[in-house]
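> Here you go, this is coords_19.tsv (TSV, C-alpha atoms).
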chain	number	residue	atom	x	y	z
A	516	MET	CA	28.41	-29.18	-31.76
A	517	ALA	CA	28.96	-25.78	-30.21
A	518	GLN	CA	26.04	-24.52	-32.29
A	519	VAL	CA	23.83	-27.16	-30.72
A	520	PHE	CA	24.64	-25.85	-27.25
A	521	SER	CA	24.14	-22.22	-28.14
A	522	ALA	CA	20.82	-23.09	-29.79
A	523	LEU	CA	19.76	-25.01	-26.68
A	524	LEU	CA	20.65	-22.06	-24.46
A	525	ALA	CA	18.89	-19.59	-26.73
A	526	GLY	CA	15.80	-21.80	-26.75
A	527	LEU	CA	15.78	-22.03	-22.97
A	528	ILE	CA	16.01	-18.26	-22.56
A	529	PHE	CA	13.26	-17.81	-25.15
A	530	GLY	CA	11.02	-20.28	-23.32
A	531	LEU	CA	11.71	-18.62	-20.00
A	532	GLY	CA	10.89	-15.23	-21.46
A	533	LEU	CA	7.62	-16.50	-22.90
A	534	THR	CA	6.67	-17.99	-19.55
A	535	ILE	CA	7.60	-14.98	-17.41
A	536	SER	CA	5.62	-12.69	-19.71
A	537	GLN	CA	2.69	-15.16	-19.71
A	538	MET	CA	2.71	-15.43	-23.48
A	539	THR	CA	2.32	-19.16	-22.87
A	540	ASN	CA	-1.15	-18.40	-21.50
A	541	PRO	CA	-3.69	-18.19	-24.34
A	542	GLU	CA	-6.09	-16.20	-22.19
A	543	LYS	CA	-3.42	-13.53	-21.64
A	544	VAL	CA	-2.85	-13.24	-25.40
A	545	LEU	CA	-6.55	-13.13	-26.22
A	546	SER	CA	-7.16	-10.40	-23.66
A	547	PHE	CA	-4.85	-8.26	-25.85
A	548	LEU	CA	-6.30	-9.35	-29.19
A	549	ASP	CA	-9.90	-8.97	-28.05
A	550	ILE	CA	-10.06	-5.19	-28.29
A	551	LEU	CA	-13.64	-4.88	-27.09
A	552	GLY	CA	-13.12	-6.98	-23.98
A	553	ASN	CA	-11.33	-6.25	-20.73
A	554	TRP	CA	-8.28	-5.04	-22.66
A	555	ASP	CA	-4.81	-6.00	-21.43
A	556	PRO	CA	-1.94	-4.20	-23.23
A	557	SER	CA	0.74	-6.50	-21.78
A	558	LEU	CA	1.51	-8.22	-25.10
A	559	ALA	CA	2.55	-4.88	-26.58
A	560	PHE	CA	5.02	-4.47	-23.73
A	561	VAL	CA	6.41	-7.94	-24.36
A	562	MET	CA	6.97	-7.03	-27.99
A	563	GLY	CA	8.40	-3.66	-26.97
A	564	GLY	CA	10.89	-5.19	-24.55
A	565	ALA	CA	11.94	-7.74	-27.15
A	566	LEU	CA	12.31	-5.16	-29.90
A	567	VAL	CA	14.53	-2.83	-27.89
A	568	VAL	CA	16.92	-5.63	-26.94
A	569	THR	CA	16.94	-7.21	-30.39
A	570	ALA	CA	17.36	-3.97	-32.33
A	571	LEU	CA	20.31	-2.90	-30.18
A	572	GLY	CA	21.73	-6.40	-29.96
A	573	TYR	CA	21.61	-7.07	-33.69
A	574	ARG	CA	23.53	-3.85	-34.36
A	575	LEU	CA	26.25	-4.90	-31.96
A	576	VAL	CA	26.38	-8.48	-33.23
A	577	TRP	CA	26.65	-7.43	-36.88
A	578	ARG	CA	29.84	-5.50	-36.20
A	579	ARG	CA	31.45	-8.93	-36.35
A	580	PRO	CA	31.82	-10.11	-39.96
A	581	THR	CA	30.79	-13.66	-39.04
A	582	PRO	CA	28.87	-15.40	-36.25
A	583	ILE	CA	30.94	-16.97	-33.48
A	584	PHE	CA	30.21	-20.63	-34.27
A	585	ALA	CA	28.82	-20.49	-37.81
A	586	LYS	CA	30.35	-19.55	-41.14
A	587	GLN	CA	27.96	-16.76	-42.06
A	588	TYR	CA	24.86	-14.89	-41.01
A	589	GLN	CA	21.70	-16.27	-42.64
A	590	ILE	CA	19.36	-13.34	-42.98
A	591	PRO	CA	16.43	-13.35	-45.42
A	592	ALA	CA	17.24	-11.25	-48.48
A	593	ASN	CA	13.72	-11.12	-49.87
A	594	ARG	CA	12.16	-7.69	-49.50
A	595	ASP	CA	9.06	-8.15	-51.68
A	596	ILE	CA	5.66	-7.72	-50.12
A	597	ASP	CA	3.79	-10.30	-52.17
A	598	LYS	CA	0.49	-12.18	-52.17
A	599	ASN	CA	1.88	-15.12	-50.20
A	600	LEU	CA	3.07	-12.83	-47.44
A	601	ALA	CA	-0.32	-11.15	-47.27
A	602	ALA	CA	-2.43	-14.32	-47.45
A	603	GLY	CA	-0.18	-16.21	-45.06
A	604	SER	CA	-0.16	-13.41	-42.51
A	605	VAL	CA	-3.95	-13.11	-42.56
A	606	LEU	CA	-4.43	-16.86	-42.20
A	607	PHE	CA	-1.87	-17.03	-39.41
A	608	GLY	CA	-3.43	-14.08	-37.62
A	609	ALA	CA	-6.88	-15.64	-37.86
A	610	GLY	CA	-5.67	-18.91	-36.38
A	611	TRP	CA	-3.87	-17.02	-33.63
A	612	GLY	CA	-6.99	-15.04	-32.80
A	613	LEU	CA	-9.15	-18.17	-32.62
A	614	VAL	CA	-7.11	-19.86	-29.91
A	615	GLY	CA	-4.54	-17.42	-28.52
A	616	LEU	CA	-1.59	-19.63	-29.46
A	617	CYS	CA	1.17	-19.13	-32.01
A	618	PRO	CA	4.13	-21.45	-32.70
A	619	GLY	CA	6.56	-20.41	-29.94
A	620	PRO	CA	4.12	-20.31	-27.04
A	621	ALA	CA	2.38	-23.49	-28.22
A	622	LEU	CA	5.63	-25.45	-28.24
A	623	ALA	CA	6.79	-23.94	-24.96
A	624	ALA	CA	3.44	-24.79	-23.35
A	625	ILE	CA	3.66	-28.53	-24.07
A	626	THR	CA	4.35	-29.28	-20.41
A	627	ILE	CA	1.65	-26.99	-19.01
A	628	GLY	CA	-1.15	-27.23	-21.57
A	629	ALA	CA	-1.61	-30.99	-21.83
A	630	GLY	CA	-4.12	-32.30	-24.37
A	631	GLN	CA	-5.26	-28.96	-25.72
A	632	VAL	CA	-1.72	-27.93	-26.70
A	633	ALA	CA	-0.95	-31.39	-28.07
A	634	VAL	CA	-3.96	-31.20	-30.37
A	635	PHE	CA	-3.08	-27.66	-31.45
A	636	LEU	CA	0.51	-28.65	-32.21
A	637	THR	CA	-0.60	-31.68	-34.21
A	638	ALA	CA	-2.94	-29.50	-36.26
A	639	MET	CA	-0.18	-26.90	-36.66
A	640	ALA	CA	2.23	-29.55	-37.93
A	641	ALA	CA	-0.48	-30.84	-40.28
A	642	GLY	CA	-0.99	-27.33	-41.65
A	643	MET	CA	2.75	-27.08	-42.29
A	644	VAL	CA	2.76	-30.48	-43.99
A	645	VAL	CA	-0.09	-29.40	-46.27
A	646	PHE	CA	1.90	-26.34	-47.28
A	647	GLU	CA	5.06	-28.37	-47.82
A	648	LEU	CA	3.24	-30.88	-50.02
A	649	MET	CA	1.62	-28.11	-52.05
A	650	LYS	CA	4.99	-26.41	-52.47
A	651	ARG	CA	6.71	-29.60	-53.61
A	652	ARG	CA	3.96	-30.17	-56.14
A	653	GLN	CA	4.38	-26.55	-57.23
A	654	LEU	CA	0.83	-25.66	-56.33
A	655	LEU	CA	2.14	-22.65	-54.42
X	681	MET	CA	-7.26	-2.59	-17.94
X	682	ALA	CA	-7.56	-5.85	-16.09
X	683	ASN	CA	-4.48	-7.95	-15.36
X	684	PHE	CA	-2.02	-5.50	-16.91
X	685	THR	CA	1.45	-6.80	-15.99
X	686	PRO	CA	3.96	-4.37	-17.50
X	687	VAL	CA	7.03	-5.47	-15.52
X	688	PRO	CA	6.92	-9.22	-16.23
X	689	ALA	CA	5.97	-8.35	-19.80
X	690	LEU	CA	9.04	-6.15	-20.28
X	691	ILE	CA	11.35	-8.62	-18.54
X	692	GLY	CA	9.98	-11.58	-20.48
X	693	GLY	CA	10.19	-9.58	-23.68
X	694	ALA	CA	13.79	-8.61	-22.95
X	695	LEU	CA	14.65	-12.29	-22.46
X	696	ILE	CA	13.03	-13.14	-25.79
X	697	GLY	CA	15.14	-10.40	-27.34
X	698	LEU	CA	18.26	-11.76	-25.63
X	699	SER	CA	17.52	-15.19	-27.06
X	700	ALA	CA	17.22	-13.77	-30.57
X	701	VAL	CA	20.49	-11.86	-30.16
X	702	LEU	CA	22.32	-14.94	-28.88
X	703	LEU	CA	21.06	-17.12	-31.72
X	704	MET	CA	22.27	-14.52	-34.21
X	705	MET	CA	25.59	-13.98	-32.45
X	706	PHE	CA	26.51	-17.65	-32.15
X	707	ASN	CA	24.56	-19.40	-34.91
X	708	GLY	CA	23.89	-16.57	-37.32
X	709	ARG	CA	20.18	-17.38	-37.43
X	710	ILE	CA	16.87	-15.60	-37.15
X	711	ALA	CA	14.90	-16.78	-34.10
X	712	GLY	CA	11.66	-17.33	-35.98
X	713	ILE	CA	9.91	-20.21	-34.28
X	714	SER	CA	7.66	-21.21	-37.18
X	715	GLY	CA	10.81	-21.65	-39.28
X	716	VAL	CA	12.69	-23.40	-36.51
X	717	PHE	CA	9.81	-25.84	-36.07
X	718	SER	CA	9.13	-26.49	-39.74
X	719	GLY	CA	12.86	-26.97	-40.34
X	720	SER	CA	12.97	-29.50	-37.53
X	721	LEU	CA	10.29	-31.44	-39.43
X	722	PHE	CA	11.43	-31.07	-43.03
X	723	ALA	CA	15.16	-30.38	-43.00
X	724	ASP	CA	17.95	-32.86	-42.34
X	725	GLY	CA	21.47	-33.09	-40.97
X	726	THR	CA	22.84	-30.07	-39.14
X	727	GLU	CA	19.89	-27.96	-40.31
X	728	ARG	CA	17.67	-30.19	-38.20
X	729	THR	CA	19.98	-30.71	-35.24
X	730	TRP	CA	20.38	-27.13	-34.05
X	731	ARG	CA	16.63	-26.61	-34.47
X	732	LEU	CA	15.82	-29.63	-32.31
X	733	ALA	CA	18.22	-28.32	-29.68
X	734	PHE	CA	16.52	-24.91	-29.72
X	735	LEU	CA	13.08	-26.51	-29.41
X	736	LEU	CA	14.27	-28.67	-26.52
X	737	GLY	CA	15.40	-25.52	-24.72
X	738	LEU	CA	12.11	-23.80	-25.57
X	739	ILE	CA	10.09	-26.66	-24.07
X	740	ALA	CA	12.32	-26.63	-20.98
X	741	GLY	CA	11.54	-22.94	-20.42
X	742	PRO	CA	8.36	-23.41	-18.36
X	743	VAL	CA	10.05	-26.26	-16.49
X	744	ALA	CA	12.91	-23.93	-15.55
X	745	TYR	CA	10.34	-21.31	-14.55
X	746	GLN	CA	8.72	-23.74	-12.11
X	747	ILE	CA	12.07	-24.64	-10.59
X	748	ILE	CA	13.16	-21.02	-10.22
X	749	PHE	CA	9.89	-19.44	-9.08
X	750	ARG	CA	8.30	-22.49	-7.41
X	751	ALA	CA	5.03	-21.69	-9.15
X	752	THR	CA	3.00	-23.18	-11.98
X	753	PRO	CA	2.71	-20.87	-14.97
X	754	PRO	CA	-0.94	-19.97	-15.55
X	755	PHE	CA	-2.57	-21.63	-18.54
X	756	GLU	CA	-6.15	-21.08	-19.63
X	757	LEU	CA	-7.46	-22.10	-23.04
X	758	THR	CA	-11.20	-21.66	-23.47
X	759	ALA	CA	-11.53	-22.53	-27.15
X	760	GLY	CA	-13.29	-25.80	-27.94
X	761	TRP	CA	-11.70	-28.65	-29.89
X	762	PRO	CA	-13.02	-27.53	-33.31
X	763	LEU	CA	-11.45	-24.08	-32.88
X	764	ILE	CA	-8.21	-25.57	-31.54
X	765	ILE	CA	-7.91	-27.78	-34.61
X	766	ILE	CA	-8.88	-25.09	-37.12
X	767	GLY	CA	-6.66	-22.57	-35.35
X	768	GLY	CA	-3.72	-24.96	-35.43
X	769	LEU	CA	-4.18	-25.68	-39.13
X	770	LEU	CA	-4.38	-21.97	-39.93
X	771	VAL	CA	-1.31	-21.14	-37.85
X	772	GLY	CA	0.70	-23.97	-39.40
X	773	PHE	CA	-0.28	-23.24	-42.99
X	774	GLY	CA	-0.32	-19.47	-42.61
X	775	THR	CA	3.13	-19.17	-41.03
X	776	ARG	CA	4.67	-21.19	-43.85
X	777	LEU	CA	2.81	-19.31	-46.60
X	778	GLY	CA	3.69	-16.00	-44.97
X	779	SER	CA	7.24	-17.06	-44.09
X	780	GLY	CA	7.04	-16.11	-40.44
X	781	CYS	CA	5.20	-15.40	-37.22
X	782	THR	CA	5.35	-13.14	-34.15
X	783	SER	CA	8.99	-14.04	-33.44
X	784	GLY	CA	10.34	-14.20	-36.97
X	785	HIS	CA	8.56	-11.22	-38.51
X	786	GLY	CA	7.68	-9.49	-35.24
X	787	VAL	CA	10.73	-9.58	-33.01
X	788	CYS	CA	13.46	-10.27	-35.57
X	789	GLY	CA	11.96	-8.64	-38.65
X	790	LEU	CA	10.88	-5.35	-37.12
X	791	SER	CA	14.22	-5.04	-35.29
X	792	ARG	CA	16.05	-5.00	-38.58
X	793	LEU	CA	13.45	-2.69	-40.17
X	794	SER	CA	12.37	-5.25	-42.78
X	795	PRO	CA	9.54	-3.92	-44.97
X	796	ARG	CA	8.15	-7.44	-45.31
X	797	ALA	CA	8.04	-7.73	-41.54
X	798	PHE	CA	6.16	-4.45	-41.13
X	799	ALA	CA	3.59	-5.61	-43.66
X	800	ALA	CA	3.28	-9.08	-42.14
X	801	VAL	CA	2.99	-7.84	-38.56
X	802	GLY	CA	0.38	-5.26	-39.54
X	803	MET	CA	-1.67	-7.90	-41.28
X	804	PHE	CA	-1.48	-10.68	-38.72
X	805	MET	CA	-2.13	-8.28	-35.86
X	806	ALA	CA	-5.20	-6.94	-37.64
X	807	ALA	CA	-6.42	-10.44	-38.50
X	808	GLY	CA	-5.75	-11.64	-34.96
X	809	MET	CA	-7.58	-8.76	-33.36
X	810	LEU	CA	-10.52	-9.02	-35.73
X	811	THR	CA	-10.83	-12.78	-35.19
X	812	ALA	CA	-10.42	-12.70	-31.42
X	813	THR	CA	-12.84	-9.83	-30.98
X	814	LEU	CA	-15.41	-11.45	-33.27
X	815	VAL	CA	-15.15	-14.83	-31.52
X	816	ARG	CA	-15.60	-13.20	-28.12
X	817	VAL	CA	-18.54	-11.11	-29.28
X	818	LEU	CA	-20.24	-14.16	-30.82
X	819	MET	CA	-19.60	-16.27	-27.75
X	820	GLU	CA	-21.09	-13.70	-25.43
X	821	GLY	CA	-24.04	-12.94	-27.74
Could you take the file, read its structure, and then write that structure out as structure tokens?

Amino acid sequence: MAQVFSALLAGLIFGLGLTISQMTNPEKVLSFLDILGNWDPSLAFVMGGALVVTALGYRLVWRRPTPIFAKQYQIPANRDIDKNLAAGSVLFGAGWGLVGLCPGPALAAITIGAGQVAVFLTAMAAGMVVFELMKRRQLL
Amino acid sequence: MANFTPVPALIGGALIGLSAVLLMMFNGRIAGISGVFSGSLFADGTERTWRLAFLLGLIAGPVAYQIIFRATPPFELTAGWPLIIIGGLLVGFGTRLGSGCTSGHGVCGLSRLSPRAFAAVGMFMAAGMLTATLVRVLMEG
């Protein structure tokens, strides 16, 4: 139960951060990704701010042997750079560059992006379902 | 450099970082939104519950912003419906195939110096920039 509250709080802070930095605005994101246009480096500063806090914060957090409410830290152990990582990243990047939305901002923007975001999220969920079905049938 | 907003970018970014740190400190989890979302769809029990709570908070973010700052967050999406649908499909499928996105690989992965994250971020940034630039060039041409 405590984990539900901490997750809710973390989500709220994440959503607030996305909104303050305007990452919930596709046009803001595309003005960074479109390198021949009127280039706006803001997204790099968002990532920079996040990285500094997370890198320092993770070091401090991991001094504790366990999380505060959970039994153990769940950190991906896989270190292989494989075909799935490459193909998936390229496909994801392409989709991101087409619209200017990625999962976090798209979900956060539900209340401000109306129909466009709803359609994007439905398609995103569909894409995830396709992958899940392929995985369960061992096609991937 | 039109519309460069370094201060809100850094502050917003720091809050995103804080969120990731809190989720790790309390729940022991990586704040990778593609994984949080897909888990909310496909997992069950407690694996689903905390994710739904996180997503609820995420969605409430812009609402909180409007209450605090008494302003509507700007939102402009110029892509047409075909691109929105194709883009969504690619983001959904690609993040699962690649096991992450800008938050999971980007914020969380790079912070812990994961080689997979460096590779993923390099590739999705390149693909994103190539796609966005190409779309803009074609639209203006």
> For chain A, which residue out of X:Val716, X:Met819, X:Gly774, X:Phe798 is the nearest one, using only C-alpha atoms?
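Smallest separation from chain A among the options: X:Gly774.
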> Here is a test: counting all atoms listed in the file, which residue of A:Gly603, A:Pro618, A:Gly572, A:Pro582 is nearest to X:Ala800?
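Closest residue, counting all atoms listed in the file: A:Gly603.
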> Env of X:Arg816: 12 Å cut, atoms = all atoms listed in the file, seq-sep filter 5 positions within chain, self excluded. Answer as a short mmCIF file (atom, residue, chain, number, x, y, z; two decimals) with C-alpha atoms, keeping the file's coordinate frame.

data_model
loop_
_atom_site.label_atom_id
_atom_site.label_comp_id
_atom_site.auth_asym_id
_atom_site.auth_seq_id
_atom_site.Cartn_x
_atom_site.Cartn_y
_atom_site.Cartn_z
CA GLU A 542 -6.09 -16.20 -22.19
CA LEU A 545 -6.55 -13.13 -26.22
CA SER A 546 -7.16 -10.40 -23.66
CA LEU A 548 -6.30 -9.35 -29.19
CA ASP A 549 -9.90 -8.97 -28.05
CA ILE A 550 -10.06 -5.19 -28.29
CA LEU A 551 -13.64 -4.88 -27.09
CA GLY A 552 -13.12 -6.98 -23.98
CA ASN A 553 -11.33 -6.25 -20.73
CA GLY A 612 -6.99 -15.04 -32.80
CA LEU A 613 -9.15 -18.17 -32.62
CA VAL A 614 -7.11 -19.86 -29.91
CA GLY A 615 -4.54 -17.42 -28.52
CA THR X 758 -11.20 -21.66 -23.47
CA ALA X 759 -11.53 -22.53 -27.15
CA MET X 809 -7.58 -8.76 -33.36
CA LEU X 810 -10.52 -9.02 -35.73
CA THR X 811 -10.83 -12.78 -35.19
CA GLY X 821 -24.04 -12.94 -27.74
#
> In file coordinates, which residues lie within 7 Å of (2.4, -27.7, -34.0) using only C-alpha atoms, given as a PDB file with C-alpha atoms, in the frame of the given file?

ATOM      1  CA  PRO A 618       4.130 -21.450 -32.700  1.00  0.00           C
ATOM      2  CA  LEU A 622       5.630 -25.450 -28.240  1.00  0.00           C
ATOM      3  CA  PHE A 635      -3.080 -27.660 -31.450  1.00  0.00           C
ATOM      4  CA  LEU A 636       0.510 -28.650 -32.210  1.00  0.00           C
ATOM      5  CA  THR A 637      -0.600 -31.680 -34.210  1.00  0.00           C
ATOM      6  CA  ALA A 638      -2.940 -29.500 -36.260  1.00  0.00           C
ATOM      7  CA  MET A 639      -0.180 -26.900 -36.660  1.00  0.00           C
ATOM      8  CA  ALA A 640       2.230 -29.550 -37.930  1.00  0.00           C
TER       9      ALA A 640
ATOM     10  CA  GLY X 768      -3.720 -24.960 -35.430  1.00  0.00           C
ATOM     11  CA  GLY X 772       0.700 -23.970 -39.400  1.00  0.00           C
TER      12      GLY X 772
END
> Ranking A:Ala559, A:Phe607, A:Ile627, A:Ala570 by minimum distance to A:Met643 and counting all atoms listed in the file, which one comes first?
A:Phe607
> Kindly compute an axis-aligned box around the listed atoms of stretch 568-571 of chain A, allowing 4 Å on each side, and express its centre and edge lengths in Å to one decimal as JSON.

{"center_x": 18.6, "center_y": -5.1, "center_z": -29.6, "size_x": 11.4, "size_y": 12.3, "size_z": 13.4}
> Measure the distance from atom CA of X:Gly778 to atom CA of A:Leu600 in Å and round it to one decimal.
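Going from atom CA of X:Gly778 over to atom CA of A:Leu600, I get 4.1 Å.
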